[in-house]
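Novice: This is structure-v7.cif, which holds mmCIF, C-alpha atoms:
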```cif
data_work
loop_
_atom_site.label_atom_id
_atom_site.label_comp_id
_atom_site.auth_asym_id
_atom_site.auth_seq_id
_atom_site.Cartn_x
_atom_site.Cartn_y
_atom_site.Cartn_z
CA MET A 1 45.30 152.02 -71.70
CA THR A 2 45.60 153.24 -68.10
CA SER A 3 44.00 151.58 -65.11
CA ALA A 4 41.79 154.64 -64.69
CA SER A 5 40.36 154.27 -68.18
CA LEU A 6 39.90 150.58 -67.55
CA THR A 7 37.94 151.37 -64.42
CA THR A 8 35.76 153.84 -66.29
CA LYS A 9 35.11 151.32 -69.02
CA HIS A 10 34.42 148.53 -66.57
CA ALA A 11 32.02 150.37 -64.24
CA PRO A 12 28.93 150.62 -66.54
CA SER A 13 29.12 146.89 -67.34
CA THR A 14 29.40 145.98 -63.67
CA PHE A 15 26.56 148.33 -62.74
CA TRP A 16 24.32 146.82 -65.43
CA SER A 17 25.19 143.27 -64.38
CA ASN A 18 24.61 143.99 -60.68
CA THR A 19 21.29 145.69 -61.43
CA ALA A 20 20.17 142.80 -63.64
CA HIS A 21 21.01 140.22 -61.01
CA VAL A 22 19.21 142.17 -58.30
CA ILE A 23 16.11 142.15 -60.51
CA VAL A 24 16.57 138.41 -61.09
CA ILE A 25 16.74 137.80 -57.33
CA ILE A 26 13.58 139.87 -56.83
CA CYS A 27 11.84 137.85 -59.56
CA VAL A 28 12.85 134.57 -57.92
CA LEU A 29 11.61 135.70 -54.51
CA GLY A 30 8.44 137.06 -56.13
CA PHE A 31 7.76 133.69 -57.76
CA LEU A 32 8.17 131.89 -54.44
CA ALA A 33 5.95 134.37 -52.58
CA LEU A 34 3.18 134.42 -55.21
CA THR A 35 3.00 130.65 -55.63
CA THR A 36 3.02 130.13 -51.86
CA LEU A 37 0.16 132.60 -51.52
CA GLY A 38 -1.68 130.85 -54.35
CA MET A 39 -1.30 127.50 -52.57
CA GLY A 40 -2.98 129.01 -49.53
CA ILE A 41 -5.92 130.21 -51.65
CA TYR A 42 -6.43 127.21 -53.97
CA PRO A 43 -9.87 125.70 -53.20
CA GLY A 44 -9.04 122.02 -53.63
CA GLY A 45 -9.02 118.93 -55.81
CA THR A 46 -6.17 116.95 -57.35
CA ASP A 47 -5.81 115.03 -60.58
CA ALA A 48 -6.36 111.78 -58.67
CA ASP A 49 -8.98 112.96 -56.15
CA ARG A 50 -11.30 115.86 -56.89
CA THR A 51 -12.80 115.82 -53.38
CA THR A 52 -9.74 117.07 -51.49
CA VAL A 53 -9.85 120.46 -49.78
CA GLY A 54 -7.06 123.00 -50.19
CA TYR A 55 -3.71 122.60 -51.92
CA ARG A 56 -1.90 119.30 -51.36
CA PHE A 57 1.80 119.98 -51.78
CA PHE A 58 2.77 116.51 -53.00
CA THR A 59 -0.27 115.69 -55.15
CA ASN A 60 -1.25 119.05 -56.65
CA TYR A 61 0.71 120.36 -59.62
CA PHE A 62 1.95 123.92 -59.86
CA SER A 63 -0.29 124.22 -62.90
CA ASP A 64 -3.33 123.52 -60.73
CA LEU A 65 -2.78 127.00 -59.30
CA GLY A 66 -3.26 128.44 -62.77
CA ARG A 67 -6.58 126.75 -63.49
CA THR A 68 -9.49 129.18 -63.74
CA VAL A 69 -11.62 126.49 -62.10
CA ALA A 70 -10.08 124.29 -59.41
CA ARG A 71 -10.18 120.53 -59.81
CA ASN A 72 -12.99 120.31 -57.25
CA GLY A 73 -15.13 122.59 -59.43
CA ALA A 74 -14.77 125.78 -57.36
CA PRO A 75 -13.81 129.12 -58.97
CA ASN A 76 -10.06 129.73 -58.80
CA GLY A 77 -9.68 133.21 -60.25
CA ILE A 78 -7.45 134.71 -57.53
CA ALA A 79 -4.93 131.84 -57.40
CA SER A 80 -4.95 131.70 -61.21
CA SER A 81 -4.06 135.39 -61.44
CA LEU A 82 -1.30 134.96 -58.87
CA PHE A 83 0.08 132.01 -60.84
CA THR A 84 0.11 134.01 -64.08
CA LEU A 85 2.00 136.81 -62.34
CA ALA A 86 4.37 134.31 -60.70
CA MET A 87 5.22 132.64 -64.02
CA THR A 88 5.70 136.04 -65.66
CA CYS A 89 8.18 136.90 -62.89
CA ALA A 90 9.95 133.56 -63.29
CA GLY A 91 10.16 133.68 -67.08
CA SER A 92 11.24 137.33 -67.21
CA GLY A 93 13.83 136.77 -64.48
CA LEU A 94 15.22 133.71 -66.26
CA ALA A 95 15.57 135.54 -69.58
CA LEU A 96 17.22 138.54 -67.91
CA PHE A 97 19.59 136.27 -66.00
CA PHE A 98 20.92 134.64 -69.14
CA ILE A 99 21.18 137.96 -71.00
CA ALA A 100 23.36 139.35 -68.20
CA PHE A 101 25.23 136.09 -67.64
CA ALA A 102 26.20 135.63 -71.29
CA GLN A 103 27.97 138.99 -71.39
CA ARG A 104 30.68 137.62 -69.11
CA PHE A 105 31.97 135.16 -71.69
CA VAL A 106 33.92 136.98 -74.38
CA ARG A 107 37.11 134.93 -74.82
CA PRO A 108 38.09 132.55 -76.22
CA ARG A 109 35.86 133.00 -79.25
CA TRP A 110 34.24 129.56 -79.05
CA VAL A 111 33.19 130.31 -75.47
CA HIS A 112 31.58 133.55 -76.64
CA ILE A 113 29.67 131.72 -79.40
CA VAL A 114 28.50 129.00 -77.01
CA SER A 115 27.33 131.57 -74.46
CA GLN A 116 25.40 133.52 -77.10
CA VAL A 117 23.57 130.39 -78.23
CA GLY A 118 22.92 129.57 -74.58
CA MET A 119 21.54 133.07 -74.04
CA VAL A 120 19.07 132.68 -76.92
CA LEU A 121 17.89 129.32 -75.59
CA GLY A 122 17.63 130.80 -72.10
CA ILE A 123 15.42 133.61 -73.40
CA LEU A 124 13.24 131.05 -75.18
CA ALA A 125 12.99 129.03 -71.96
CA GLY A 126 11.85 132.15 -70.11
CA ALA A 127 9.28 132.87 -72.83
CA CYS A 128 7.95 129.31 -72.54
CA PHE A 129 7.49 129.69 -68.78
CA ILE A 130 5.59 132.93 -69.32
CA GLY A 131 3.48 130.96 -71.80
CA VAL A 132 2.75 128.39 -69.10
CA GLY A 133 1.25 131.13 -66.95
CA LEU A 134 -0.81 132.53 -69.80
CA THR A 135 -2.39 129.19 -70.78
CA PRO A 136 -4.49 127.75 -67.91
CA SER A 137 -4.38 123.96 -68.21
CA ASN A 138 -8.16 123.60 -68.01
CA LEU A 139 -8.66 125.96 -70.96
CA TYR A 140 -5.57 125.45 -73.13
CA GLY A 141 -4.30 121.97 -72.28
CA PRO A 142 -2.10 121.18 -75.33
CA PRO A 143 -0.39 124.62 -75.52
CA HIS A 144 0.12 124.53 -71.76
CA GLN A 145 1.86 121.15 -71.97
CA MET A 146 3.91 122.32 -74.97
CA PHE A 147 5.14 125.41 -73.12
CA THR A 148 5.92 123.38 -69.99
CA LEU A 149 7.98 120.71 -71.75
CA GLY A 150 9.57 123.23 -74.12
CA GLY A 151 10.63 125.42 -71.23
CA PHE A 152 12.40 122.63 -69.37
CA VAL A 153 14.06 121.25 -72.53
CA MET A 154 15.35 124.72 -73.45
CA PHE A 155 16.50 125.24 -69.87
CA PHE A 156 18.39 121.95 -69.99
CA LEU A 157 20.11 122.83 -73.28
CA THR A 158 21.15 126.29 -72.14
CA THR A 159 22.46 124.85 -68.87
CA VAL A 160 24.65 122.36 -70.77
CA LEU A 161 25.98 125.16 -73.00
CA PHE A 162 26.87 127.34 -70.03
CA ILE A 163 28.61 124.41 -68.35
CA ALA A 164 30.90 124.35 -71.40
CA ALA A 165 31.25 128.16 -71.40
CA ILE A 166 32.23 128.34 -67.72
CA ALA A 167 34.63 125.41 -68.07
CA GLY A 168 36.32 127.13 -71.01
CA SER A 169 36.40 130.61 -69.48
CA ARG A 170 39.56 132.09 -68.01
CA ASN A 171 37.90 134.66 -65.76
CA TYR A 172 34.91 133.01 -64.08
CA PRO A 173 35.04 130.73 -61.00
CA HIS A 174 34.75 127.12 -62.06
CA ARG A 175 32.85 126.24 -58.89
CA ALA A 176 29.84 127.60 -60.73
CA VAL A 177 30.11 124.60 -63.06
CA LEU A 178 29.20 122.24 -60.22
CA ILE A 179 25.96 124.11 -59.61
CA PHE A 180 24.94 123.79 -63.25
CA ILE A 181 26.08 120.15 -63.51
CA LEU A 182 23.94 119.12 -60.55
CA PHE A 183 21.03 121.09 -61.94
CA ALA A 184 21.46 119.60 -65.43
CA ILE A 185 21.30 116.10 -63.95
CA LEU A 186 18.05 116.97 -62.17
CA LEU A 187 16.62 118.51 -65.33
CA ALA A 188 17.51 115.43 -67.38
CA ALA A 189 15.87 113.21 -64.75
CA TYR A 190 12.71 115.32 -64.81
CA ILE A 191 12.51 115.32 -68.61
CA TRP A 192 12.89 111.52 -68.50
CA LEU A 193 10.09 111.40 -65.91
CA GLN A 194 7.86 113.37 -68.27
CA PHE A 195 8.35 110.84 -71.07
CA LYS A 196 8.82 107.57 -69.19
CA GLY A 197 7.28 108.18 -65.76
CA PRO A 198 3.93 106.82 -64.58
CA ARG A 199 0.81 108.25 -66.18
CA GLY A 200 -2.87 108.27 -65.36
CA ARG A 201 -4.99 109.68 -62.60
CA THR A 202 -3.98 107.20 -59.93
CA PHE A 203 -2.74 108.45 -56.59
CA ASP A 204 0.74 106.93 -57.08
CA ALA A 205 1.19 108.44 -60.56
CA THR A 206 0.02 111.85 -59.37
CA LEU A 207 2.26 111.70 -56.31
CA ILE A 208 5.37 110.87 -58.36
CA GLN A 209 4.73 113.41 -61.12
CA ALA A 210 3.68 116.26 -58.81
CA THR A 211 6.57 115.66 -56.40
CA GLY A 212 9.03 115.50 -59.30
CA GLN A 213 7.65 118.78 -60.59
CA LYS A 214 8.04 120.45 -57.21
CA ALA A 215 11.64 119.21 -56.97
CA ILE A 216 12.67 120.55 -60.37
CA VAL A 217 10.86 123.88 -60.00
CA TYR A 218 12.50 124.62 -56.66
CA ALA A 219 15.85 123.35 -57.96
CA SER A 220 15.46 125.75 -60.91
CA VAL A 221 14.84 128.83 -58.81
CA LEU A 222 17.59 127.84 -56.34
CA SER A 223 20.09 127.32 -59.17
CA VAL A 224 19.35 130.70 -60.73
CA LEU A 225 19.40 132.40 -57.32
CA VAL A 226 22.79 130.91 -56.39
CA GLN A 227 24.29 131.74 -59.81
CA ALA A 228 23.05 135.33 -59.52
CA LEU A 229 24.67 135.64 -56.10
CA VAL A 230 27.95 134.15 -57.41
CA ALA A 231 27.88 136.62 -60.30
CA ARG A 232 27.47 139.52 -57.88
CA GLN A 233 30.45 138.26 -55.87
CA VAL A 234 32.53 138.15 -59.05
CA ASN A 235 31.47 141.72 -59.86
CA HIS A 236 32.46 142.86 -56.38
CA ALA A 237 35.87 141.21 -56.68
CA GLN A 238 36.42 142.81 -60.11
CA ASP A 239 35.42 146.23 -58.81
CA GLU A 240 37.89 145.93 -55.95
CA THR A 241 40.65 144.84 -58.34
CA PHE A 242 40.09 147.81 -60.64
CA THR A 243 39.75 150.25 -57.73
CA ASN A 244 42.92 149.01 -56.06
CA GLY A 245 44.76 149.15 -59.36
CA ARG A 246 43.68 152.73 -59.87
CA LEU A 247 44.67 153.76 -56.34
CA SER A 248 48.09 152.16 -56.74
CA ASP A 249 48.72 154.40 -59.75
#
```
How would this structure read if it were set down as structure tokens?
Specialist:
Amino acid sequence: MTSASLTTKHAPSTFWSNTAHVIVIICVLGFLALTTLGMGIYPGGTDADRTTVGYRFFTNYFSDLGRTVARNGAPNGIASSLFTLAMTCAGSGLALFFIAFAQRFVRPRWVHIVSQVGMVLGILAGACFIGVGLTPSNLYGPPHQMFTLGGFVMFFLTTVLFIAAIAGSRNYPHRAVLIFILFAILLAAYIWLQFKGPRGRTFDATLIQATGQKAIVYASVLSVLVQALVARQVNHAQDETFTNGRLSD
């Protein structure tokens, strides 16, 4: 096979991957913008103190944005709609990221299998986060909690699988492993916090749980954003390699 035919074969895959990662980046930025706007609109009230006014970054949960009625009893329809849209962006972007990311890992065969399983779990994680947005906690408490925990557990499992896939791959920069390892540690710590952390409607418990949630959510979007940017750099390097190879012929 000539380098020209290789270039032709390679281009559609690179175009698809680049397009997918651009969409992922837009979804990440959309999530950040929509939730920030929702925080500015949220009327008030926390799990520990229903008399507060406005959104308290360290004692309000992200899920408070999705409540149809704020914790202080005021209507919260606008922020709730923004939260639903934000979680739809986040979940869709996450699923698309892992669909595009998994296509990079073809050989050896065990790496391909691991990446495919990781992709499925990543899609399920994205679906769970969409579910979080569609189930306001004040109306659908148990399903909301199920989607939240399920999303982070699935995200943790797919991250571990892609750590193995990247480590075993011959054509992907291993520096990407460090990003996922650090993120996996944070995810494991947050899942532990969900099961073993302080409970109740005390100020201290709310502060710890809400702050932990903020940390893992922002770590999640940052991890996906950085990995998408790394993937685009890899695409660019591959395109240059194929182009230069073709010109040399």
Novice: If you count all atoms listed in the file, which residues fall within 8 Å of Val117 in chain A, apart from same-chain ones fewer than 3 positions away, as a PyMOL selection string?
Specialist: chain A and resi 113-114+120-121+158+161
Novice: Carefully work through the PyMOL selection byres ((chain A and resi 212) around 10) for this structure and note down the residues it includes, as a VMD selection string.
Specialist: chain A and resid 58 61 186 189 to 191 193 to 194 197 206 to 211 213 to 217
Novice: Report as a CSV table (one decimal) with C-alpha atoms, in the coordinates of the input the residues that result from applying the PyMOL selection byres ((chain A and resi 77) around 12) to the structure here.
Specialist:
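Now in part.csv:
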```
chain,number,residue,atom,x,y,z
A,38,GLY,CA,-1.7,130.8,-54.4
A,41,ILE,CA,-5.9,130.2,-51.6
A,42,TYR,CA,-6.4,127.2,-54.0
A,43,PRO,CA,-9.9,125.7,-53.2
A,64,ASP,CA,-3.3,123.5,-60.7
A,65,LEU,CA,-2.8,127.0,-59.3
A,66,GLY,CA,-3.3,128.4,-62.8
A,67,ARG,CA,-6.6,126.8,-63.5
A,68,THR,CA,-9.5,129.2,-63.7
A,69,VAL,CA,-11.6,126.5,-62.1
A,70,ALA,CA,-10.1,124.3,-59.4
A,73,GLY,CA,-15.1,122.6,-59.4
A,74,ALA,CA,-14.8,125.8,-57.4
A,75,PRO,CA,-13.8,129.1,-59.0
A,76,ASN,CA,-10.1,129.7,-58.8
A,78,ILE,CA,-7.4,134.7,-57.5
A,79,ALA,CA,-4.9,131.8,-57.4
A,80,SER,CA,-5.0,131.7,-61.2
A,81,SER,CA,-4.1,135.4,-61.4
A,82,LEU,CA,-1.3,135.0,-58.9
A,83,PHE,CA,0.1,132.0,-60.8
A,84,THR,CA,0.1,134.0,-64.1
A,136,PRO,CA,-4.5,127.8,-67.9
```
Novice: Between A:Thr159, A:Thr202, A:Cys128, A:Ala95, which one has atoms that come closest to Leu182 in chain A, using all atoms listed in the file?
Specialist: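 Closest candidate: A:Thr159.
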Novice: Figure out the distance between CA of Leu157 in chain A and CA of Val111 in chain A, please, to one decimal in Å.
Specialist: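 CA of Val111 in chain A sits 15.2 Å away from CA of Leu157 in chain A.
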Novice: Figure out the distance between CA of Asp49 in chain A and CA of Phe203 in chain A, please, to one decimal in Å.
Specialist: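 According to the coordinates, CA of Phe203 in chain A and CA of Asp49 in chain A are separated by 7.7 Å.
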Novice: For Ile181 in chain A, please output as a PyMOL selection string all residues within 12 Å (counting all atoms listed in the file; exclusion window: fewer than 2 positions along the same chain).
Specialist: chain A and resi 156-164+166-167+174-179+183-188+223
Novice: Suppose you want the space between CA of Ser220 in chain A and CA of Trp110 in chain A; what is it in Å?
Specialist: 26.4 Å
Novice: Sorted by chain and rising residue number, list the residues of range 103-220 of chain A at most 12 Å from range 15-37 of chain A (counting all atoms listed in the file), each with its closest atom pair and distance in Å to one decimal, as CSV.
Specialist:
```
residue,atom,partner,partner_atom,distance
A:Gln103,CA,A:Ser17,CA,8.7
A:Arg104,CA,A:Ser17,CA,9.2
A:Gly126,CA,A:Val24,CA,12.0
A:Phe129,CA,A:Phe31,CA,11.7
A:Ile130,CA,A:Phe31,CA,11.8
A:Gly133,CA,A:Thr35,CA,11.5
A:Lys214,CA,A:Thr35,CA,11.5
A:Val217,CA,A:Leu32,CA,10.1
A:Tyr218,CA,A:Leu32,CA,8.7
A:Ala219,CA,A:Val28,CA,11.6
A:Ser220,CA,A:Val28,CA,9.7
```
Novice: Missing atoms in range 120-139 of chain A: can you complete it with N, CA and C atoms, as an mmCIF file, keeping the file's coordinate frame?
Specialist:
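Writing the result to rebuild.cif gives the following:
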```cif
data_model
loop_
_atom_site.group_PDB
_atom_site.id
_atom_site.type_symbol
_atom_site.label_atom_id
_atom_site.label_comp_id
_atom_site.auth_asym_id
_atom_site.auth_seq_id
_atom_site.Cartn_x
_atom_site.Cartn_y
_atom_site.Cartn_z
ATOM 1 N N VAL A 120 20.283 132.743 -76.104
ATOM 2 C CA VAL A 120 19.070 132.680 -76.920
ATOM 3 C C VAL A 120 18.135 131.583 -76.401
ATOM 4 N N LEU A 121 18.700 130.421 -76.111
ATOM 5 C CA LEU A 121 17.890 129.320 -75.590
ATOM 6 C C LEU A 121 17.321 129.662 -74.212
ATOM 7 N N GLY A 122 18.109 130.385 -73.406
ATOM 8 C CA GLY A 122 17.630 130.800 -72.100
ATOM 9 C C GLY A 122 16.459 131.767 -72.201
ATOM 10 N N ILE A 123 16.532 132.682 -73.166
ATOM 11 C CA ILE A 123 15.420 133.610 -73.400
ATOM 12 C C ILE A 123 14.176 132.853 -73.833
ATOM 13 N N LEU A 124 14.370 131.862 -74.725
ATOM 14 C CA LEU A 124 13.240 131.050 -75.180
ATOM 15 C C LEU A 124 12.635 130.256 -74.028
ATOM 16 N N ALA A 125 13.492 129.750 -73.134
ATOM 17 C CA ALA A 125 12.990 129.030 -71.960
ATOM 18 C C ALA A 125 12.132 129.954 -71.102
ATOM 19 N N GLY A 126 12.625 131.185 -70.877
ATOM 20 C CA GLY A 126 11.850 132.150 -70.110
ATOM 21 C C GLY A 126 10.516 132.463 -70.772
ATOM 22 N N ALA A 127 10.520 132.599 -72.102
ATOM 23 C CA ALA A 127 9.280 132.870 -72.830
ATOM 24 C C ALA A 127 8.297 131.714 -72.685
ATOM 25 N N CYS A 128 8.817 130.491 -72.711
ATOM 26 C CA CYS A 128 7.950 129.310 -72.540
ATOM 27 C C CYS A 128 7.301 129.318 -71.161
ATOM 28 N N PHE A 129 8.056 129.687 -70.127
ATOM 29 C CA PHE A 129 7.490 129.690 -68.780
ATOM 30 C C PHE A 129 6.440 130.793 -68.622
ATOM 31 N N ILE A 130 6.639 131.908 -69.302
ATOM 32 C CA ILE A 130 5.590 132.930 -69.320
ATOM 33 C C ILE A 130 4.355 132.366 -70.014
ATOM 34 N N GLY A 131 4.588 131.609 -71.096
ATOM 35 C CA GLY A 131 3.480 130.960 -71.800
ATOM 36 C C GLY A 131 2.711 129.997 -70.922
ATOM 37 N N VAL A 132 3.421 129.297 -70.035
ATOM 38 C CA VAL A 132 2.750 128.390 -69.100
ATOM 39 C C VAL A 132 1.742 129.159 -68.252
ATOM 40 N N GLY A 133 2.142 130.329 -67.786
ATOM 41 C CA GLY A 133 1.250 131.130 -66.950
ATOM 42 C C GLY A 133 0.077 131.716 -67.701
ATOM 43 N N LEU A 134 0.242 131.917 -68.998
ATOM 44 C CA LEU A 134 -0.810 132.530 -69.800
ATOM 45 C C LEU A 134 -1.782 131.525 -70.403
ATOM 46 N N THR A 135 -1.536 130.230 -70.204
ATOM 47 C CA THR A 135 -2.390 129.190 -70.780
ATOM 48 C C THR A 135 -2.879 128.255 -69.665
ATOM 49 N N PRO A 136 -3.942 128.637 -68.958
ATOM 50 C CA PRO A 136 -4.490 127.750 -67.910
ATOM 51 C C PRO A 136 -4.729 126.346 -68.462
ATOM 52 N N SER A 137 -4.328 125.341 -67.696
ATOM 53 C CA SER A 137 -4.380 123.960 -68.210
ATOM 54 C C SER A 137 -5.790 123.482 -68.469
ATOM 55 N N ASN A 138 -6.781 124.040 -67.762
ATOM 56 C CA ASN A 138 -8.160 123.600 -68.010
ATOM 57 C C ASN A 138 -8.772 124.231 -69.248
ATOM 58 N N LEU A 139 -8.156 125.297 -69.764
ATOM 59 C CA LEU A 139 -8.660 125.960 -70.960
ATOM 60 C C LEU A 139 -7.800 125.687 -72.192
#
```
